[in-house]
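Visitor: Structure incoming, see below.
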Amino acid sequence: MNNRILLTIIFFLLINVNCYSQSEYPFYEQLAFNFYKDTILEMYPVERKITVFKSLNYDSGEEIYYVPSECLKTKLPNYGKNIEKLEYSKYWRRFEDMRLDLDLTNIDKKKFKIRKFNRGNFPKLFIHYPKVYENRFFVIVHEKYQNSGKYYTIELNKAGEIIDWCQSKYETVTLH
């Protein structure tokens, strides 16, 4: 009798193996941030500590709805027409899989100030939610200064490997 119960439990565990897996996709935002801190900052250092937010669930007013791709090797048509955010129903299989916080345990405290939410002085660093276009995945790492900023567009494949990246800049002009 006990063997029958044990075999039934094992059977149900084997059938539901997909329910216990992580997510279908890697944590693209973390991979992009790691690439930024390890590679990009070595090439383009910031003048002073940059504020990074542990939580990715920041004010939607900071969201970028296109992919600055003019500097990538493989361009996107019409500034990324038909680009959409990665569908979270595919991104996370279960509510517990939701990853809204970056792992900031191994960052250089001389280069970064860590804040939980979008508060603090400039420069600020935003890591945007992944965008998808024809099996191409893009994460935009945004260095924001008082009146200017830089976008680092990082292209990854489905497995989370960096394919390409580029830098673009912008300035905000205020007319009085």
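We label chains A, B, ... in the order they appear in the structure tokens, count residues from 1 in each chain, and number ligands from 1 in the order shown.
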Leaving out Lys124 in chain A and any residue of its chain fewer than 4 positions from it, which residues lie within 12 Å of it when counting only C-alpha atoms, given as a PyMOL selection string?
Guide: chain A and resi 46+48-54+62+111-115+117-120+141-151
Visitor: Please list as a ChimeraX atom specification every residue within 12 Å of Thr105 in chain A, counting only C-alpha atoms and excluding residues in the same chain fewer than 2 positions away.
Guide: /A:30,34,54,101-103,107-109,112,114
Visitor: Have a look at A:Lys131, A:Cys166, A:Pro45, A:Phe33 and name the one nearest to Lys110 in chain A; count only C-alpha atoms.
Guide: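 Selected residue with least distance to Lys110 in chain A: A:Pro45.
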Visitor: Tell me which of A:Tyr129, A:Phe122, A:Tyr44, A:Tyr65 sits closest to Leu100 in chain A, counting only C-alpha atoms.
Guide: A:Tyr129
Visitor: Which of these, A:Glu171, A:Glu29, A:Glu47, A:Glu70, has the shortest distance to Phe137 in chain A once you count only C-alpha atoms?
Guide: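 Closest residue, counting only C-alpha atoms: A:Glu29.
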Visitor: Between A:Leu72, A:Ile83, A:Leu31, A:Leu41, which one has atoms that come closest to Asp164 in chain A, using only C-alpha atoms?
Guide: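 For Asp164 in chain A, the nearest of the candidates is A:Leu72.
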Visitor: Considering only C-alpha atoms, state which residue in the set A:Pro130, A:Asn106, A:Lys116, A:Leu156 is at the smallest distance from Asp38 in chain A.
Guide: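 Closest to Asp38 in chain A, using only C-alpha atoms: A:Asn106.
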Visitor: Measuring between only C-alpha atoms, which one of A:Leu175, A:Leu125, A:Leu76, A:Ala159 shows the shortest distance to Ile140 in chain A?
Guide: A:Leu125
